Structures are given as C-alpha cells and as structure tokens.
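Asks: If it helps, the file is called target-v8.txt and holds compact mmCIF, C-alpha atoms:
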```
# COMPACT_ATOMS: atom_id res chain seq x y z
CA MET A 1 -0.13 6.25 47.00
CA ALA A 2 -2.18 9.24 45.97
CA PRO A 3 -5.66 8.00 45.03
CA LEU A 4 -7.62 9.85 42.40
CA ASN A 5 -10.31 11.93 44.09
CA LEU A 6 -13.25 11.42 41.77
CA ASP A 7 -15.87 12.92 44.10
CA ALA A 8 -14.14 16.24 44.68
CA LYS A 9 -14.52 17.60 41.16
CA LYS A 10 -16.35 16.90 37.95
CA TYR A 11 -15.12 18.25 34.67
CA VAL A 12 -16.54 18.36 31.18
CA ILE A 13 -14.55 18.17 27.96
CA SER A 14 -15.03 21.56 26.37
CA THR A 15 -13.66 21.21 22.82
CA ALA A 16 -14.58 18.93 19.96
CA PHE A 17 -10.99 17.86 19.66
CA ALA A 18 -10.78 16.67 23.26
CA ALA A 19 -14.16 15.04 23.07
CA THR A 20 -12.99 12.81 20.23
CA LEU A 21 -9.34 12.07 20.91
CA ALA A 22 -8.27 8.88 22.64
CA LEU A 23 -5.35 7.68 24.81
CA THR A 24 -3.42 4.45 25.09
CA PRO A 25 -1.73 2.72 28.16
CA VAL A 26 2.08 3.10 28.36
CA VAL A 27 4.25 0.44 29.98
CA GLY A 28 7.63 1.09 31.54
CA SER A 29 10.60 -1.10 32.23
CA SER A 30 12.38 -2.13 35.43
CA VAL A 31 14.09 1.17 36.23
CA LEU A 32 11.87 2.39 33.40
CA ALA A 33 8.64 0.89 34.81
CA ASN A 34 6.07 -1.79 34.23
CA ALA A 35 2.33 -1.44 33.72
CA GLY A 36 1.56 -4.53 35.77
CA GLU A 37 -0.81 -7.45 35.60
CA GLY A 38 -4.28 -6.51 34.44
CA SER A 39 -3.19 -3.38 32.59
CA THR A 40 -4.23 -4.70 29.17
CA GLU A 41 -7.94 -4.71 30.06
CA GLY A 42 -8.15 -1.13 28.85
CA ASP A 43 -6.22 -1.65 25.58
CA ILE A 44 -8.36 -0.95 22.52
CA THR A 45 -7.77 -0.91 18.77
CA TYR A 46 -7.32 2.23 16.69
CA GLU A 47 -10.77 1.70 15.17
CA GLU A 48 -12.34 1.39 18.64
CA SER A 49 -10.71 4.62 19.76
CA SER A 50 -11.93 8.06 18.77
CA LEU A 51 -8.73 8.95 16.92
CA PRO A 52 -10.26 8.41 13.43
CA GLU A 53 -13.09 10.83 14.19
CA ALA A 54 -10.64 13.33 15.65
CA GLN A 55 -8.51 13.22 12.50
CA GLU A 56 -11.59 13.91 10.37
CA GLU A 57 -12.59 16.86 12.53
CA GLN A 58 -9.08 18.29 12.51
CA SER A 59 -8.91 18.24 8.71
CA SER A 60 -12.37 19.84 8.36
CA GLU A 61 -11.44 22.60 10.81
CA GLU A 62 -8.20 23.29 8.88
CA THR A 63 -6.08 23.24 11.99
CA PRO A 64 -2.30 23.67 11.57
CA SER A 65 -0.57 20.39 10.95
CA ALA A 66 1.90 19.04 13.50
CA THR A 67 5.57 19.53 12.73
CA VAL A 68 6.26 15.81 13.13
CA ASN A 69 6.08 12.73 10.93
CA SER A 70 2.70 11.42 12.02
CA SER A 71 2.05 9.34 8.89
CA LEU A 72 -0.72 6.79 8.94
CA VAL A 73 -2.19 5.28 5.77
CA GLN A 74 -5.56 3.62 6.25
CA GLN A 75 -8.90 2.74 4.70
CA GLY A 76 -10.35 5.69 2.76
CA ASP A 77 -6.95 7.04 1.67
CA SER A 78 -5.85 7.12 -1.97
CA GLY A 79 -2.87 8.10 -4.06
CA SER A 80 0.63 7.03 -4.96
CA GLU A 81 1.56 5.99 -1.40
CA VAL A 82 -1.39 3.61 -1.29
CA GLU A 83 -0.38 2.24 -4.70
CA ASN A 84 3.18 1.64 -3.44
CA ILE A 85 1.82 -0.21 -0.40
CA GLN A 86 -0.45 -2.36 -2.56
CA SER A 87 2.44 -3.15 -4.90
CA SER A 88 4.66 -4.22 -1.98
CA LEU A 89 1.85 -6.38 -0.58
CA HIS A 90 1.43 -8.06 -3.98
CA ASP A 91 5.18 -8.69 -4.21
CA GLN A 92 4.99 -10.51 -0.87
CA GLY A 93 1.96 -12.60 -1.79
CA TYR A 94 -0.86 -10.50 -0.31
CA SER A 95 -2.96 -9.84 -3.39
CA SER A 96 -6.65 -9.68 -2.43
CA SER A 97 -6.87 -6.10 -3.72
CA ASN A 98 -5.91 -4.45 -6.99
CA VAL A 99 -2.95 -2.10 -7.30
CA ASP A 100 -5.19 0.90 -7.95
CA GLY A 101 -4.09 3.44 -5.31
CA ILE A 102 -7.37 3.13 -3.39
CA PHE A 103 -7.20 1.87 0.22
CA GLY A 104 -10.42 -0.14 0.53
CA GLU A 105 -11.57 -3.12 2.60
CA LEU A 106 -9.53 -5.65 0.60
CA THR A 107 -6.33 -3.63 1.00
CA GLU A 108 -7.01 -3.31 4.73
CA GLN A 109 -7.41 -7.10 4.98
CA ASP A 110 -4.13 -7.63 3.12
CA VAL A 111 -2.43 -5.26 5.58
CA ARG A 112 -3.95 -7.13 8.55
CA ASP A 113 -2.77 -10.48 7.14
CA PHE A 114 0.72 -9.07 6.60
CA GLN A 115 0.82 -7.60 10.12
CA SER A 116 -0.28 -10.93 11.59
CA ASP A 117 2.48 -12.81 9.79
CA GLN A 118 5.06 -10.20 10.85
CA GLY A 119 4.00 -10.21 14.52
CA LEU A 120 2.80 -6.60 14.36
CA GLN A 121 -0.37 -5.12 15.83
CA GLU A 122 -3.23 -6.18 13.54
CA ASP A 123 -5.07 -2.90 12.98
CA GLY A 124 -5.07 -2.70 9.18
CA ILE A 125 -3.26 0.65 9.32
CA VAL A 126 0.13 1.29 7.74
CA GLY A 127 2.13 3.19 10.36
CA PRO A 128 5.91 3.41 10.82
CA ALA A 129 6.41 -0.21 11.91
CA THR A 130 4.26 -1.73 9.16
CA SER A 131 5.73 0.62 6.58
CA ASP A 132 9.28 -0.38 7.53
CA ALA A 133 8.40 -4.07 7.36
CA LEU A 134 6.91 -3.55 3.87
CA GLY A 135 9.88 -1.50 2.74
CA THR A 136 7.63 1.42 1.78
CA PRO A 137 8.45 4.36 4.12
CA VAL A 138 5.59 6.84 4.34
CA GLU A 139 6.72 10.44 4.01
CA SER A 140 3.56 12.35 4.83
CA ALA A 141 0.19 11.66 6.31
CA PRO A 142 -2.50 11.56 3.59
CA SER A 143 -5.90 12.97 4.42
CA SER A 144 -8.73 10.48 4.78
CA GLU A 145 -11.54 11.23 2.34
CA GLU A 146 -13.97 8.73 3.81
CA ALA A 147 -12.75 8.10 7.37
CA SER A 148 -14.95 5.56 9.13
CA GLU A 149 -16.69 6.73 12.28
CA SER A 150 -15.64 5.36 15.66
CA GLU A 151 -18.27 2.98 17.04
CA ALA A 152 -17.08 1.77 20.44
CA SER A 153 -15.72 4.97 21.99
CA GLU A 154 -18.10 7.64 20.67
CA ASP A 155 -19.85 9.65 23.34
CA LYS A 156 -17.94 7.96 26.21
CA ALA A 157 -17.38 11.36 27.82
CA THR A 158 -20.81 12.56 28.96
CA GLU A 159 -21.88 15.19 31.40
CA GLU A 160 -23.38 12.54 33.64
CA THR A 161 -20.74 9.94 34.50
CA THR A 162 -20.43 7.22 37.07
CA GLU A 163 -18.38 7.93 40.17
CA ASN A 164 -15.67 5.57 38.89
CA ASP A 165 -15.03 7.51 35.66
CA ILE A 166 -12.38 10.16 35.16
CA VAL A 167 -14.15 13.09 33.53
CA ILE A 168 -11.64 15.52 32.12
CA GLU A 169 -11.91 19.25 31.58
CA GLU A 170 -10.31 20.41 28.35
CA VAL A 171 -8.15 23.41 29.12
CA SER A 172 -5.55 25.21 27.06
CA ASN A 173 -1.94 24.11 27.35
CA ASP A 174 -0.01 27.38 27.47
CA SER A 175 3.76 27.51 27.67
CA GLY A 176 5.57 29.39 30.39
CA SER A 177 5.73 26.79 33.14
CA GLU A 178 7.98 27.71 36.02
CA ASP A 179 8.86 24.06 36.70
CA ASN A 180 11.90 22.29 35.27
CA ALA A 181 10.58 21.12 31.92
CA GLY A 182 13.79 20.94 29.89
CA THR A 183 14.06 22.49 26.44
CA GLN A 184 10.60 23.60 25.35
CA SER A 185 8.99 25.13 22.30
CA GLY A 186 6.29 27.73 22.92
CA SER A 187 4.64 26.87 19.58
CA VAL A 188 3.94 23.23 20.46
CA SER A 189 0.24 22.46 20.91
CA GLY A 190 -1.49 19.53 22.55
CA SER A 191 -2.56 18.25 19.13
CA ASP A 192 1.09 18.31 17.96
CA ILE A 193 2.01 16.09 20.91
CA VAL A 194 -0.85 13.68 20.24
CA ALA A 195 0.12 13.49 16.55
CA ALA A 196 3.68 12.58 17.57
CA ALA A 197 2.42 9.87 19.92
CA GLU A 198 -0.01 8.60 17.30
CA SER A 199 2.89 8.09 14.87
CA ALA A 200 4.25 5.47 17.29
CA LEU A 201 1.09 3.31 17.28
CA GLY A 202 1.97 -0.26 16.32
CA ILE A 203 5.67 0.03 17.14
CA PRO A 204 6.60 -3.14 19.13
CA TYR A 205 7.12 -3.01 22.89
CA GLN A 206 10.57 -3.96 24.15
CA PHE A 207 11.88 -3.66 27.70
CA GLY A 208 14.51 -0.90 27.97
CA ALA A 209 14.19 0.13 24.31
CA TYR A 210 14.79 3.61 22.86
CA THR A 211 17.75 5.93 22.95
CA PRO A 212 16.76 9.61 23.29
CA GLY A 213 17.08 11.33 19.94
CA GLU A 214 16.40 8.19 17.90
CA SER A 215 14.08 9.21 15.02
CA ASN A 216 12.92 5.82 13.77
CA PRO A 217 12.90 3.36 16.70
CA SER A 218 12.29 -0.33 16.02
CA ALA A 219 10.85 -0.78 19.52
CA LEU A 220 9.90 1.29 22.57
CA ASP A 221 9.22 0.80 26.26
CA SER A 222 6.76 2.95 28.20
CA SER A 223 9.02 5.81 29.23
CA GLY A 224 10.72 5.48 25.85
CA LEU A 225 7.40 6.31 24.20
CA ILE A 226 7.17 9.52 26.22
CA ASN A 227 10.75 10.42 25.28
CA TYR A 228 10.13 9.63 21.61
CA THR A 229 6.93 11.69 21.52
CA PHE A 230 8.47 14.81 23.01
CA ASP A 231 11.67 14.41 20.97
CA GLN A 232 9.48 14.74 17.87
CA VAL A 233 8.18 18.14 18.99
CA GLY A 234 11.48 19.47 20.36
CA ILE A 235 10.90 19.11 24.09
CA ASP A 236 13.50 17.40 26.30
CA VAL A 237 12.21 15.23 29.14
CA SER A 238 13.82 12.89 31.67
CA ARG A 239 14.28 9.21 30.78
CA THR A 240 12.25 7.51 33.52
CA HIS A 241 8.70 7.94 34.80
CA SER A 242 9.82 8.81 38.33
CA GLN A 243 12.25 11.44 37.05
CA MET A 244 9.59 12.97 34.81
CA TRP A 245 7.12 13.08 37.69
CA ALA A 246 9.70 14.74 39.96
CA ASN A 247 11.50 17.09 37.59
CA ASP A 248 9.70 17.88 34.33
CA GLY A 249 6.80 20.13 33.39
CA VAL A 250 4.11 21.42 35.72
CA HIS A 251 1.49 19.52 37.71
CA VAL A 252 -2.11 20.03 36.60
CA ASP A 253 -5.33 19.21 38.43
CA SER A 254 -6.78 17.49 35.39
CA PRO A 255 -5.08 16.47 32.12
CA SER A 256 -5.64 18.22 28.81
CA VAL A 257 -4.93 16.86 25.34
CA GLY A 258 -1.16 16.35 25.03
CA ASP A 259 -0.48 16.13 28.77
CA VAL A 260 1.22 13.12 30.38
CA VAL A 261 -0.84 10.98 32.76
CA PHE A 262 1.05 9.07 35.46
CA PHE A 263 0.28 5.87 37.37
CA GLU A 264 1.77 4.30 40.49
CA GLY A 265 1.85 0.82 41.98
CA THR A 266 1.81 -0.93 38.59
CA TYR A 267 4.75 -2.98 39.83
CA ASP A 268 6.84 -3.22 42.99
CA THR A 269 8.41 0.23 43.11
CA ALA A 270 7.68 3.50 44.86
CA GLY A 271 6.28 6.50 43.04
CA ALA A 272 5.45 6.88 39.36
CA SER A 273 5.85 3.58 37.54
CA HIS A 274 4.00 4.11 34.25
CA SER A 275 2.72 6.94 32.06
CA GLY A 276 0.95 7.71 28.81
CA ILE A 277 0.03 10.58 26.49
CA TYR A 278 -3.48 11.84 27.19
CA ILE A 279 -5.51 12.27 24.00
CA GLY A 280 -8.88 13.20 25.49
CA ASN A 281 -12.12 11.25 25.93
CA ASN A 282 -10.62 9.31 28.88
CA GLN A 283 -8.09 7.65 26.57
CA MET A 284 -4.31 7.58 26.32
CA ILE A 285 -1.56 6.26 24.06
CA HIS A 286 0.88 4.06 25.95
CA ALA A 287 3.35 1.19 25.57
CA SER A 288 1.54 -2.01 26.48
CA SER A 289 3.79 -4.92 27.42
CA GLY A 290 0.73 -7.18 27.47
CA SER A 291 -0.38 -6.22 23.96
CA GLY A 292 3.25 -6.05 22.84
CA ALA A 293 3.02 -2.67 21.12
CA MET A 294 2.18 1.03 21.36
CA VAL A 295 -1.61 1.12 21.67
CA VAL A 296 -4.59 3.20 22.74
CA ALA A 297 -6.09 2.48 26.17
CA ASP A 298 -9.35 3.36 27.89
CA MET A 299 -8.49 4.98 31.21
CA SER A 300 -11.98 4.52 32.62
CA VAL A 301 -11.40 0.80 33.33
CA ASP A 302 -10.87 -0.14 36.97
CA TYR A 303 -7.15 -0.93 36.61
CA TRP A 304 -6.13 2.56 35.48
CA GLN A 305 -8.58 4.26 37.84
CA GLN A 306 -7.05 2.44 40.82
CA HIS A 307 -3.44 3.25 39.85
CA TYR A 308 -3.90 6.84 38.67
CA LEU A 309 -1.32 9.21 40.22
CA GLY A 310 -1.83 12.51 38.44
CA ALA A 311 -0.99 14.54 35.32
CA LYS A 312 1.65 16.99 34.17
CA SER A 313 1.92 19.41 31.26
CA PHE A 314 5.27 19.45 29.47
CA ASN A 315 4.49 22.17 26.95
```
Now that the file is in, can you turn its structure into structure tokens?

Replies:
Amino acid sequence: MAPLNLDAKKYVISTAFAATLALTPVVGSSVLANAGEGSTEGDITYEESSLPEAQEEQSSEETPSATVNSSLVQQGDSGSEVENIQSSLHDQGYSSSNVDGIFGELTEQDVRDFQSDQGLQEDGIVGPATSDALGTPVESAPSSEEASESEASEDKATEETTENDIVIEEVSNDSGSEDNAGTQSGSVSGSDIVAAAESALGIPYQFGAYTPGESNPSALDSSGLINYTFDQVGIDVSRTHSQMWANDGVHVDSPSVGDVVFFEGTYDTAGASHSGIYIGNNQMIHASSGSGAMVVADMSVDYWQQHYLGAKSFN
C-alpha cells in the first residue's frame, strides 16, 4: 500500500473554482471494487458541499458551459421547467407549494418528501434520477438566481492545515498525456468533467451497474460512475479501478479539478479498489454503497486519508 505522504509537500488551491468545488466518495463492486466499512463517514449532502457556491461563481465568471447534460433544478430556479416539476408533484399528491414556476422552500420540501417516498437521496434537488421518477425530464440546467451559500464546507481549504488533511494545489489539466488514456478530447476541461459527474448525483448505487455508453443509467457502481462521467465528455476509460490505475491517463503528484482520485485497501483486493472525481476543496463525487447513491464526500476524514492511493489525469 502506498500511503499518502502528507508531510513531504503542502499545496494551496490557487483558483476560485477549485477552492469552492467539492468531491464525493465512489464505491466499486467486486471485480469493480468496494469502498469498505466506514467509507460513509465522509459522505455529505449537496447543500453541505461547496458545489452550489461553485455554480454561482461559474455563472458570474461567464465560463463556457460543459458539453454534457448536467441539469439540476433546485431552490432559487424559476421558469417553465420548475412549473412542470411542481405540476407533476401536485399530480402525485405533493402540493405544499403553488404551481407558479418558482422553486422556493415549499417546492424543495415537496421534492424531499417525494424523494423519501421513492427511496432516492433526499437533497431537495431535481437531478436525473428524481426527474425520471417524476416523469419530467430536464433538458438543460437553469441558472440559479439566488443560489444559497454553502455553510458546512466553506473555507475548508486553508493555507494552514492539520497534518492529516490533504491540501491540494490547483494546476491546469492540459491534454497531451503520453500515457494510455484512450480516446481523448483536447477541449475537455476539468469543469466539464465535474459537471458530468455532478449530473449523476442522486442516481442509485447498484453493484455491477452501468454499461459503457449508456446515456441515462438507472443505477451506477463506483467504477461505473467514472465510466459514465468520461463517456459524457467523450473520453474512453477502462471499466475497473485497477485497470484505470494501470492503463489510463497520467499520474499526477496532486489532483486538480476533474482528475480521478484512487484508493486502495477498501476491501480485500490488491491495488486500486475505489475511485472518485475530484472537484476541489478536498471533496470528491463518488458512488457510495453505504449511502446508496452517487454523493459528495469529504476526503479529509480519516477513512479516505488512510486509504488514499494517488491521482491521475484523464484529460
């Protein structure tokens, strides 16, 4: 096992985007990996992560939008898509809010109640899984006019950290790797990759799920999440964590936004056994078997620190 050397180097996140993005733990399946007992201690909700703040900053900076379907409808949004969601909720008996096209607190509570009854992650956000269950597919991601600020994860990455924290340096992800990274697109950015992973939040976890190339999966496992994410941006990767670690992309000393972070020893197998999409701020998006869905995870908790293997860039 290759322990993470936290004393050798200290890095500082250098862009606003990296300082506010968050990551979630990814769980694999048998041949495909398993995150292991104790892995859910780092799982956090969307609201607790710094993804909402990152979305607000991205829109204000007028950055190019990702070429993937990264639709999320949430509190602060408005328009016809919100009205369709409210109408579907009313039809199914969730009628705390008016059908007015404004996603407020009452609409969010109706969504949470619906998600609870459907066995989905209760985050109050209408992503692909919730949208499918409602029968209201979301075609494009609306911009949030009044996105709420993240409370729990803000300012987690500081210049002075404890020796047990992974402090990441934000570096550019340029194409041109000499390693075997499959079919790649030179125009894919780290934010494109994160947007693709973010579109999977809330999709249920299922051992062995996902067939490469599937555009609207009903469930994913941990390596399936990685495959799904890179399929969305036109990059081919291997199916299992160990194959990705051995064959795809290029190894990096410290992960940047959009890189893949790998873990070992999460269950009884040699080598890489789990991975996630790094979104900055010591967070990742991963498939959590314990939480039962694609979620965001805090990598600074002891479990992920102890099992950290390394990072690779696939773009």

Asks: Might you pull out every residue within 7 Å of A:Val260, with all atoms listed in the file counted and same-chain residues fewer than 4 positions away left off, and present them as an NGL selection string?

Replies: :A and (275-278 or 311-313)

Asks: Using all atoms listed in the file, which of A:Ser131, A:Asn247, A:Ser96, A:Ser50 sits nearest A:Gly280?

Replies: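 Nearest to A:Gly280: A:Ser50.
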
Asks: Determine, counting only C-alpha atoms, which protein, DNA and RNA residues have an atom within 10 Å of an atom of A:Gly213; residues of the same chain fewer than 5 positions away are not included. Present the result as an mmCIF file with C-alpha atoms, keeping the file's coordinate frame.

Replies:
```cif
data_model
loop_
_atom_site.group_PDB
_atom_site.id
_atom_site.type_symbol
_atom_site.label_atom_id
_atom_site.label_comp_id
_atom_site.auth_asym_id
_atom_site.auth_seq_id
_atom_site.Cartn_x
_atom_site.Cartn_y
_atom_site.Cartn_z
ATOM 1 C CA ASN A 227 10.750 10.420 25.280
ATOM 2 C CA TYR A 228 10.130 9.630 21.610
ATOM 3 C CA PHE A 230 8.470 14.810 23.010
ATOM 4 C CA ASP A 231 11.670 14.410 20.970
ATOM 5 C CA GLN A 232 9.480 14.740 17.870
ATOM 6 C CA GLY A 234 11.480 19.470 20.360
ATOM 7 C CA ASP A 236 13.500 17.400 26.300
#
```

Asks: Which one of A:Thr107, A:Asn315, A:Gln243, A:Ser300 sits closest to A:Gly42 if you count only C-alpha atoms?

Replies: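 The answer is A:Ser300, which sits nearest to A:Gly42.
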
Asks: Counting all atoms listed in the file, which residue out of A:Ser88, A:Ser288, A:Thr269, A:Thr130 sits closest to A:Gly224?

Replies: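 Counting all atoms listed in the file, the residue closest to A:Gly224 is A:Ser288.
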
Asks: Go ahead and compute the interatomic distance for atom CA of A:Glu214 and atom CA of A:Gly258, in Å to one decimal.

Replies: 20.6 Å

Asks: Kindly give the distance, in Å, that separates atom CA of A:Asp100 and atom CA of A:Asp113, rounded to a single decimal.

Replies: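 Rounded to one decimal, the two atoms are 19.1 Å apart.
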